[in-house]
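K.L.:
Compact mmCIF, C-alpha atoms and all ligand atoms, file target-v5.txt:
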# COMPACT_ATOMS: atom_id res chain seq x y z
CA MET U 1 38.28 136.41 162.71
CA CYS U 2 36.51 138.20 159.90
CA LYS U 3 33.08 136.96 158.89
CA LYS U 4 33.17 135.38 155.45
CA VAL U 5 30.24 135.81 153.11
CA VAL U 6 30.35 133.77 149.92
CA VAL U 7 27.61 134.50 147.41
CA PHE U 8 27.01 132.34 144.37
CA ASP U 9 25.33 132.89 141.04
CA LEU U 10 22.88 130.05 140.24
CA ASP U 11 22.71 129.12 136.53
CA ASP U 12 25.91 127.61 135.13
CA THR U 13 27.62 128.17 138.48
CA LEU U 14 25.91 125.83 140.97
CA TYR U 15 24.47 123.56 138.25
CA LYS U 16 24.39 123.54 134.45
CA GLU U 17 21.47 125.43 132.96
CA ILE U 18 21.38 123.02 130.01
CA ASP U 19 20.18 120.38 132.50
CA PHE U 20 17.20 122.57 133.35
CA LEU U 21 16.44 122.94 129.65
CA LYS U 22 16.64 119.17 129.10
CA SER U 23 14.42 118.54 132.12
CA ALA U 24 11.81 120.96 130.75
CA TYR U 25 11.96 119.46 127.23
CA ARG U 26 11.62 115.98 128.70
CA HIS U 27 8.57 117.05 130.69
CA ILE U 28 6.92 118.79 127.72
CA ALA U 29 7.59 115.76 125.51
CA SER U 30 5.94 113.48 128.07
CA LEU U 31 2.84 115.71 128.17
CA VAL U 32 2.32 116.12 124.40
CA SER U 33 3.31 112.64 123.22
CA ASN U 34 0.82 110.46 121.38
CA ALA U 35 0.86 107.56 118.89
CA ASN U 36 2.07 109.83 116.08
CA ALA U 37 4.45 111.80 118.24
CA PRO U 38 6.43 109.44 120.47
CA GLU U 39 7.96 111.10 123.53
CA GLU U 40 11.55 110.36 122.53
CA ALA U 41 11.07 111.78 119.02
CA VAL U 42 9.51 114.98 120.37
CA TYR U 43 12.32 115.36 122.91
CA GLU U 44 15.03 114.77 120.31
CA LEU U 45 13.47 117.27 117.89
CA MET U 46 13.31 119.96 120.58
CA LEU U 47 16.89 119.38 121.68
CA ASN U 48 18.30 119.21 118.15
CA THR U 49 16.43 122.35 117.15
CA TYR U 50 17.75 124.18 120.20
CA GLN U 51 21.29 123.00 119.54
CA THR U 52 21.20 124.18 115.94
CA GLY U 53 19.90 127.62 116.91
CA GLY U 54 16.26 127.17 115.95
CA ASN U 55 13.06 127.75 117.89
CA ALA U 56 12.44 124.38 119.58
CA PHE U 57 8.77 124.92 120.38
CA GLU U 58 7.77 126.40 117.01
CA GLU U 59 9.51 123.56 115.22
CA THR U 60 7.87 120.92 117.42
CA VAL U 61 4.36 122.33 116.96
CA ARG U 62 4.97 122.63 113.20
CA GLN U 63 6.56 119.25 112.53
CA PHE U 64 4.13 117.20 114.63
CA GLY U 65 1.13 119.36 113.73
CA PHE U 66 0.00 119.78 117.34
CA ARG U 67 -3.32 121.57 117.63
CA LEU U 68 -3.92 121.24 121.35
CA TYR U 69 -0.51 122.55 122.32
CA SER U 70 0.77 125.98 121.37
CA VAL U 71 4.24 127.50 121.53
CA GLN U 72 2.94 129.79 124.29
CA TRP U 73 1.72 126.80 126.32
CA MET U 74 5.09 125.05 125.95
CA LEU U 75 6.89 128.17 127.11
CA CYS U 76 4.62 128.32 130.14
CA VAL U 77 5.35 124.67 131.02
CA TYR U 78 9.05 125.32 130.48
CA ARG U 79 9.00 128.14 133.01
CA HIS U 80 6.80 126.52 135.62
CA HIS U 81 7.68 122.82 135.60
CA LYS U 82 9.39 121.28 138.63
CA PRO U 83 12.82 120.48 137.21
CA LYS U 84 14.58 117.17 137.72
CA ILE U 85 18.04 118.57 138.38
CA THR U 86 20.59 117.79 141.09
CA LEU U 87 23.81 119.25 142.41
CA ASP U 88 26.82 117.34 141.17
CA GLU U 89 29.05 115.60 143.71
CA ASN U 90 31.78 118.29 143.58
CA THR U 91 29.35 121.13 144.17
CA TRP U 92 27.60 119.31 147.00
CA GLN U 93 30.93 118.62 148.73
CA THR U 94 32.08 122.20 148.22
CA LEU U 95 28.96 123.65 149.83
CA GLU U 96 29.17 121.11 152.65
CA GLN U 97 32.77 122.08 153.32
CA LEU U 98 32.07 125.82 153.27
CA LYS U 99 29.18 125.29 155.68
CA ALA U 100 31.38 123.21 157.99
CA ASN U 101 33.99 126.01 157.88
CA GLY U 102 31.38 128.47 159.18
CA VAL U 103 31.13 130.44 155.95
CA THR U 104 27.86 132.33 155.42
CA MET U 105 26.52 131.56 151.98
CA GLY U 106 24.13 133.39 149.69
CA ILE U 107 22.79 133.39 146.14
CA ILE U 108 22.17 136.26 143.71
CA SER U 109 20.41 135.21 140.53
CA ASP U 110 18.50 137.02 137.77
CA GLY U 111 15.41 135.38 136.34
CA ARG U 112 11.75 134.54 136.82
CA LEU U 113 10.87 134.07 140.48
CA GLN U 114 9.07 130.75 140.29
CA GLN U 115 11.50 129.28 137.79
CA GLN U 116 14.51 130.14 139.96
CA TRP U 117 12.87 128.97 143.19
CA ASN U 118 11.87 125.68 141.54
CA LYS U 119 15.54 125.17 140.64
CA ILE U 120 16.71 126.04 144.15
CA GLU U 121 14.25 123.58 145.67
CA ALA U 122 15.16 120.77 143.27
CA LEU U 123 18.88 121.33 143.95
CA GLU U 124 18.19 121.30 147.74
CA LEU U 125 20.24 124.45 148.10
CA MET U 126 18.42 125.48 151.24
CA LYS U 127 20.38 122.76 153.05
CA PHE U 128 23.35 125.12 152.74
CA VAL U 129 21.96 128.60 152.18
CA ASP U 130 19.52 130.41 154.46
CA LYS U 131 16.43 131.36 152.46
CA LYS U 132 16.85 134.94 153.66
CA ASN U 133 20.22 135.06 151.88
CA ILE U 134 18.77 134.19 148.48
CA VAL U 135 18.12 137.16 146.20
CA ILE U 136 16.26 136.55 142.94
CA ASN U 137 16.06 139.60 140.69
CA ASP U 138 12.96 139.27 138.55
CA ILE U 139 12.82 142.90 137.43
CA GLU U 140 15.19 143.81 134.61
CA ASP U 141 16.04 147.06 136.29
CA ARG U 142 17.66 145.06 139.12
CA PHE U 143 19.51 142.51 136.98
CA LYS U 144 23.28 142.34 137.39
CA PRO U 145 25.34 144.45 137.03
CA ASP U 146 22.94 146.50 139.17
CA ARG U 147 24.53 146.81 142.60
CA ARG U 148 21.45 146.61 144.80
CA SER U 149 21.44 142.84 145.34
CA PHE U 150 25.12 143.00 146.38
CA ARG U 151 24.49 145.94 148.69
CA PHE U 152 21.76 143.88 150.37
CA PHE U 153 24.48 141.57 151.75
CA MET U 154 26.74 144.44 152.79
CA ASP U 155 23.90 146.14 154.63
CA LYS U 156 23.09 142.86 156.34
CA PHE U 157 26.58 141.67 157.32
CA GLY U 158 28.43 144.98 157.59
CA LYS U 159 31.62 146.56 156.28
CA GLU U 160 33.89 144.33 158.35
CA ALA U 161 32.93 141.08 156.59
CA ASP U 162 34.87 139.66 153.65
CA TYR U 163 32.75 139.15 150.55
CA TRP U 164 33.15 136.83 147.59
CA TYR U 165 31.01 136.43 144.49
CA ILE U 166 31.29 133.26 142.45
CA GLY U 167 29.81 133.40 138.95
CA ASP U 168 30.22 132.43 135.31
CA ASN U 169 28.81 135.28 133.22
CA THR U 170 31.72 137.42 132.07
CA ALA U 171 29.36 140.11 130.71
CA LYS U 172 27.51 140.91 133.92
CA ASP U 173 28.51 138.90 137.01
CA PHE U 174 31.64 140.67 138.23
CA VAL U 175 31.13 144.38 137.48
CA ALA U 176 29.11 145.29 140.57
CA PRO U 177 30.94 143.16 143.18
CA ASN U 178 34.33 144.32 141.84
CA SER U 179 33.27 147.94 142.24
CA LEU U 180 32.12 147.26 145.81
CA GLY U 181 35.41 145.68 146.86
CA TRP U 182 34.30 142.03 146.82
CA THR U 183 36.65 139.27 145.68
CA THR U 184 35.25 137.79 142.49
CA VAL U 185 35.82 134.29 141.18
CA CYS U 186 34.88 133.04 137.72
CA LEU U 187 34.04 129.38 137.32
CA LEU U 188 35.39 128.61 133.86
CA ASP U 189 33.08 127.05 131.27
CA ASP U 190 33.69 123.33 130.84
CA GLY U 191 31.99 123.47 127.44
CA ARG U 192 28.43 123.02 128.71
CA ASN U 193 27.53 126.63 129.55
CA ILE U 194 24.67 128.46 127.83
CA HIS U 195 26.53 131.80 127.70
CA ARG U 196 30.01 131.86 126.17
CA GLN U 197 32.74 133.43 128.28
CA THR U 198 35.15 136.12 127.13
CA MET U 199 38.79 136.30 128.18
CA PRO U 200 39.87 137.91 130.41
CA THR U 201 36.83 137.06 132.48
CA GLY U 202 36.80 140.27 134.52
CA ALA U 203 36.92 138.36 137.81
CA ASN U 204 39.78 138.64 140.32
CA MET U 205 40.52 134.98 139.74
CA ASP U 206 39.38 132.11 137.57
CA VAL U 207 38.92 128.51 138.67
CA ARG U 208 38.33 125.38 136.63
CA HIS U 209 36.50 123.44 139.34
CA ILE U 210 34.13 124.62 142.03
CA ASN U 211 35.95 122.54 144.66
CA GLU U 212 38.88 124.98 144.47
CA ILE U 213 36.70 127.55 146.25
CA PRO U 214 37.14 126.44 149.89
CA LYS U 215 40.95 126.69 149.56
CA ILE U 216 40.65 130.20 148.13
CA ILE U 217 38.31 131.36 150.87
CA GLY U 218 40.59 129.84 153.52
MG MG U 301 25.21 132.19 135.52
When written as structure tokens, how does the structure in this file appear?
Ligand SMILES: [Mg+2]
P.N.:
Amino acid sequence: MCKKVVVFDLDDTLYKEIDFLKSAYRHIASLVSNANAPEEAVYELMLNTYQTGGNAFEETVRQFGFRLYSVQWMLCVYRHHKPKITLDENTWQTLEQLKANGVTMGIISDGRLQQQWNKIEALELMKFVDKKNIVINDIEDRFKPDRRSFRFFMDKFGKEADYWYIGDNTAKDFVAPNSLGWTTVCLLDDGRNIHRQTMPTGANMDVRHINEIPKIIG
């Protein structure tokens, strides 16, 4: 039987990136709050500003008149905080099932190293994915659709294996794996994604729910 290698994107594929943002805002609000700036009010202002397309940190510093806390400091906390995020039940069960089926799993994600690893740790993804099969591209030159992170898996597991890439970003996720002969699957936006999807998605197939994946892989 052919070896099956299923590689996932991270943000808005294995969890919703908006939950990371909310976790960071919550943490920042708890750090800066005082008698004149209650935690809940700071959090709500940040979230509302973000949702209406404004700069959440600039607006927060301006409206509450913070002197000790700068926009730059907030950005730093945003990137380095340990997020309170979890895998949802469906995703957990999907990964458990793939693992039980003997599927080799991996992750390819673009972003800041510490930020992405903090997410991976919080989500307990290393229960399912070997650390050596997690590729974080933190240099723009290597961001998807660059092929190098996909080739890494092909060099490691060989030409005979079957490869899948599961992602959400219709602009960049599927170009490289399609060109390398992988089967690509787009997890459709349920309305919570940060990046809007275009139709057609560019993937070989689209799924509404992540728990459709084990059936597709077989
Ligand atoms: Mg994504």
K.L.:
Find the residues around region 203-217 of chain U up to 12 Å (only C-alpha atoms counted), leave out those fewer than 6 positions away in its own chain, and share them as number ranges by chain.
P.N.:
U: 2-8, 12-15, 87-105, 162-179, 181-191, 197
K.L.:
For the residues selected in the previous step, produce a file with C-alpha atoms as a PDB file, in the frame of the given file.
P.N.:
ATOM      1  CA  CYS U   2      36.510 138.200 159.900  1.00  0.00           C
ATOM      2  CA  LYS U   3      33.080 136.960 158.890  1.00  0.00           C
ATOM      3  CA  LYS U   4      33.170 135.380 155.450  1.00  0.00           C
ATOM      4  CA  VAL U   5      30.240 135.810 153.110  1.00  0.00           C
ATOM      5  CA  VAL U   6      30.350 133.770 149.920  1.00  0.00           C
ATOM      6  CA  VAL U   7      27.610 134.500 147.410  1.00  0.00           C
ATOM      7  CA  PHE U   8      27.010 132.340 144.370  1.00  0.00           C
ATOM      8  CA  ASP U  12      25.910 127.610 135.130  1.00  0.00           C
ATOM      9  CA  THR U  13      27.620 128.170 138.480  1.00  0.00           C
ATOM     10  CA  LEU U  14      25.910 125.830 140.970  1.00  0.00           C
ATOM     11  CA  TYR U  15      24.470 123.560 138.250  1.00  0.00           C
ATOM     12  CA  LEU U  87      23.810 119.250 142.410  1.00  0.00           C
ATOM     13  CA  ASP U  88      26.820 117.340 141.170  1.00  0.00           C
ATOM     14  CA  GLU U  89      29.050 115.600 143.710  1.00  0.00           C
ATOM     15  CA  ASN U  90      31.780 118.290 143.580  1.00  0.00           C
ATOM     16  CA  THR U  91      29.350 121.130 144.170  1.00  0.00           C
ATOM     17  CA  TRP U  92      27.600 119.310 147.000  1.00  0.00           C
ATOM     18  CA  GLN U  93      30.930 118.620 148.730  1.00  0.00           C
ATOM     19  CA  THR U  94      32.080 122.200 148.220  1.00  0.00           C
ATOM     20  CA  LEU U  95      28.960 123.650 149.830  1.00  0.00           C
ATOM     21  CA  GLU U  96      29.170 121.110 152.650  1.00  0.00           C
ATOM     22  CA  GLN U  97      32.770 122.080 153.320  1.00  0.00           C
ATOM     23  CA  LEU U  98      32.070 125.820 153.270  1.00  0.00           C
ATOM     24  CA  LYS U  99      29.180 125.290 155.680  1.00  0.00           C
ATOM     25  CA  ALA U 100      31.380 123.210 157.990  1.00  0.00           C
ATOM     26  CA  ASN U 101      33.990 126.010 157.880  1.00  0.00           C
ATOM     27  CA  GLY U 102      31.380 128.470 159.180  1.00  0.00           C
ATOM     28  CA  VAL U 103      31.130 130.440 155.950  1.00  0.00           C
ATOM     29  CA  THR U 104      27.860 132.330 155.420  1.00  0.00           C
ATOM     30  CA  MET U 105      26.520 131.560 151.980  1.00  0.00           C
ATOM     31  CA  ASP U 162      34.870 139.660 153.650  1.00  0.00           C
ATOM     32  CA  TYR U 163      32.750 139.150 150.550  1.00  0.00           C
ATOM     33  CA  TRP U 164      33.150 136.830 147.590  1.00  0.00           C
ATOM     34  CA  TYR U 165      31.010 136.430 144.490  1.00  0.00           C
ATOM     35  CA  ILE U 166      31.290 133.260 142.450  1.00  0.00           C
ATOM     36  CA  GLY U 167      29.810 133.400 138.950  1.00  0.00           C
ATOM     37  CA  ASP U 168      30.220 132.430 135.310  1.00  0.00           C
ATOM     38  CA  ASN U 169      28.810 135.280 133.220  1.00  0.00           C
ATOM     39  CA  THR U 170      31.720 137.420 132.070  1.00  0.00           C
ATOM     40  CA  ALA U 171      29.360 140.110 130.710  1.00  0.00           C
ATOM     41  CA  LYS U 172      27.510 140.910 133.920  1.00  0.00           C
ATOM     42  CA  ASP U 173      28.510 138.900 137.010  1.00  0.00           C
ATOM     43  CA  PHE U 174      31.640 140.670 138.230  1.00  0.00           C
ATOM     44  CA  VAL U 175      31.130 144.380 137.480  1.00  0.00           C
ATOM     45  CA  ALA U 176      29.110 145.290 140.570  1.00  0.00           C
ATOM     46  CA  PRO U 177      30.940 143.160 143.180  1.00  0.00           C
ATOM     47  CA  ASN U 178      34.330 144.320 141.840  1.00  0.00           C
ATOM     48  CA  SER U 179      33.270 147.940 142.240  1.00  0.00           C
ATOM     49  CA  GLY U 181      35.410 145.680 146.860  1.00  0.00           C
ATOM     50  CA  TRP U 182      34.300 142.030 146.820  1.00  0.00           C
ATOM     51  CA  THR U 183      36.650 139.270 145.680  1.00  0.00           C
ATOM     52  CA  THR U 184      35.250 137.790 142.490  1.00  0.00           C
ATOM     53  CA  VAL U 185      35.820 134.290 141.180  1.00  0.00           C
ATOM     54  CA  CYS U 186      34.880 133.040 137.720  1.00  0.00           C
ATOM     55  CA  LEU U 187      34.040 129.380 137.320  1.00  0.00           C
ATOM     56  CA  LEU U 188      35.390 128.610 133.860  1.00  0.00           C
ATOM     57  CA  ASP U 189      33.080 127.050 131.270  1.00  0.00           C
ATOM     58  CA  ASP U 190      33.690 123.330 130.840  1.00  0.00           C
ATOM     59  CA  GLY U 191      31.990 123.470 127.440  1.00  0.00           C
ATOM     60  CA  GLN U 197      32.740 133.430 128.280  1.00  0.00           C
TER      61      GLN U 197
END
K.L.:
Quote the spacing between CA of Leu75 (chain U) and CA of Pro145 (chain U) in Å to one decimal place.
P.N.:
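A separation of 26.5 Å between them.
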K.L.:
Please determine, counting all atoms listed in the file, which residue among U:Val32, U:Ile136, U:Val129, U:Leu21 has the shortest atom-to-atom distance to Gln116 (chain U).
P.N.:
U:Ile136
K.L.:
Which is closer to Lys159 (chain U) than all the others in U:Leu180, U:Arg142, U:Lys132, U:Arg79, using only C-alpha atoms?
P.N.:
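Of U:Leu180, U:Arg142, U:Lys132, U:Arg79, the one nearest Lys159 (chain U) is U:Leu180, counting only C-alpha atoms.
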K.L.:
Would you mind telling me which residue in U:Gln51, U:Leu10, U:Glu121, U:Phe64 lies nearest to Ala35 (chain U) when using only C-alpha atoms?
P.N.:
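Closest to Ala35 (chain U), using only C-alpha atoms: U:Phe64.
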K.L.:
Which one is closest to ligand MG 301 (chain U): U:Pro38, U:Gly111, U:Gly106, U:Pro200? Count all atoms listed in the file.
P.N.:
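Checking each of U:Pro38, U:Gly111, U:Gly106, U:Pro200 against ligand MG 301 (chain U), counting all atoms listed in the file, the winner is U:Gly111.
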K.L.:
Rank nothing, just name the residue among U:Ile18, U:Met46, U:Met154, U:Ile28 nearest to ligand MG 301 (chain U), using all atoms listed in the file.
P.N.:
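Among the listed residues, U:Ile18 lies closest to ligand MG 301 (chain U).
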K.L.:
What is the CA of Leu123 (chain U) to CA of Thr86 (chain U) distance in Å?
P.N.:
4.9 Å
K.L.:
From the set U:Arg196, U:Lys84, U:Arg26, U:Lys131, which residue has the shortest atom-to-atom contact distance to ligand MG 301 (chain U), counting all atoms listed in the file?
P.N.:
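So, comparing all the options, the nearest one is U:Arg196.
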K.L.:
So what do you get for CA of Lys156 (chain U) versus CA of Trp117 (chain U), distance-wise?
P.N.:
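Distance reported for this atom pair: 21.7 Å.
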K.L.:
Within 12 Å of Val77 (chain U), counting only C-alpha atoms, which residues qualify if same-chain residues fewer than 6 places away don't, as a PyMOL selection string?
P.N.:
chain U and resi 21+23-32+57+69-71+83+114-115
K.L.:
Within 6 Å of (7.1, 116.6, 120.3), only C-alpha atoms: residues as a ChimeraX atom specification?
P.N.:
/U:29,37,42-43,60
K.L.:
For region 41-54 of chain U, where the input has fewer atoms than it should, I would like N, CA and C atoms rebuilt and written as a compact mmCIF listing (two decimals), in the frame of the given file.
P.N.:
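selection-v2.txt was written with the following content:
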# COMPACT_ATOMS: atom_id res chain seq x y z
N ALA U 41 10.93 111.03 120.27
CA ALA U 41 11.07 111.78 119.02
C ALA U 41 10.83 113.27 119.24
N VAL U 42 9.82 113.57 120.07
CA VAL U 42 9.51 114.98 120.37
C VAL U 42 10.68 115.61 121.12
N TYR U 43 11.18 114.87 122.10
CA TYR U 43 12.32 115.36 122.91
C TYR U 43 13.54 115.60 122.01
N GLU U 44 13.86 114.64 121.19
CA GLU U 44 15.03 114.77 120.31
C GLU U 44 14.89 115.95 119.35
N LEU U 45 13.69 116.15 118.82
CA LEU U 45 13.47 117.27 117.89
C LEU U 45 13.69 118.60 118.62
N MET U 46 13.15 118.71 119.82
CA MET U 46 13.31 119.96 120.58
C MET U 46 14.79 120.23 120.85
N LEU U 47 15.47 119.20 121.32
CA LEU U 47 16.89 119.38 121.68
C LEU U 47 17.75 119.69 120.45
N ASN U 48 17.52 118.96 119.38
CA ASN U 48 18.30 119.21 118.15
C ASN U 48 18.04 120.60 117.60
N THR U 49 16.77 121.02 117.66
CA THR U 49 16.43 122.35 117.15
C THR U 49 17.12 123.42 117.99
N TYR U 50 17.07 123.23 119.31
CA TYR U 50 17.75 124.18 120.20
C TYR U 50 19.25 124.24 119.87
N GLN U 51 19.84 123.05 119.74
CA GLN U 51 21.29 123.00 119.54
C GLN U 51 21.73 123.58 118.21
N THR U 52 20.83 123.61 117.24
CA THR U 52 21.20 124.18 115.94
C THR U 52 20.68 125.61 115.79
N GLY U 53 20.25 126.20 116.90
CA GLY U 53 19.90 127.62 116.91
C GLY U 53 18.48 127.94 116.48
N GLY U 54 17.64 126.93 116.35
CA GLY U 54 16.26 127.17 115.95
C GLY U 54 15.34 127.38 117.13
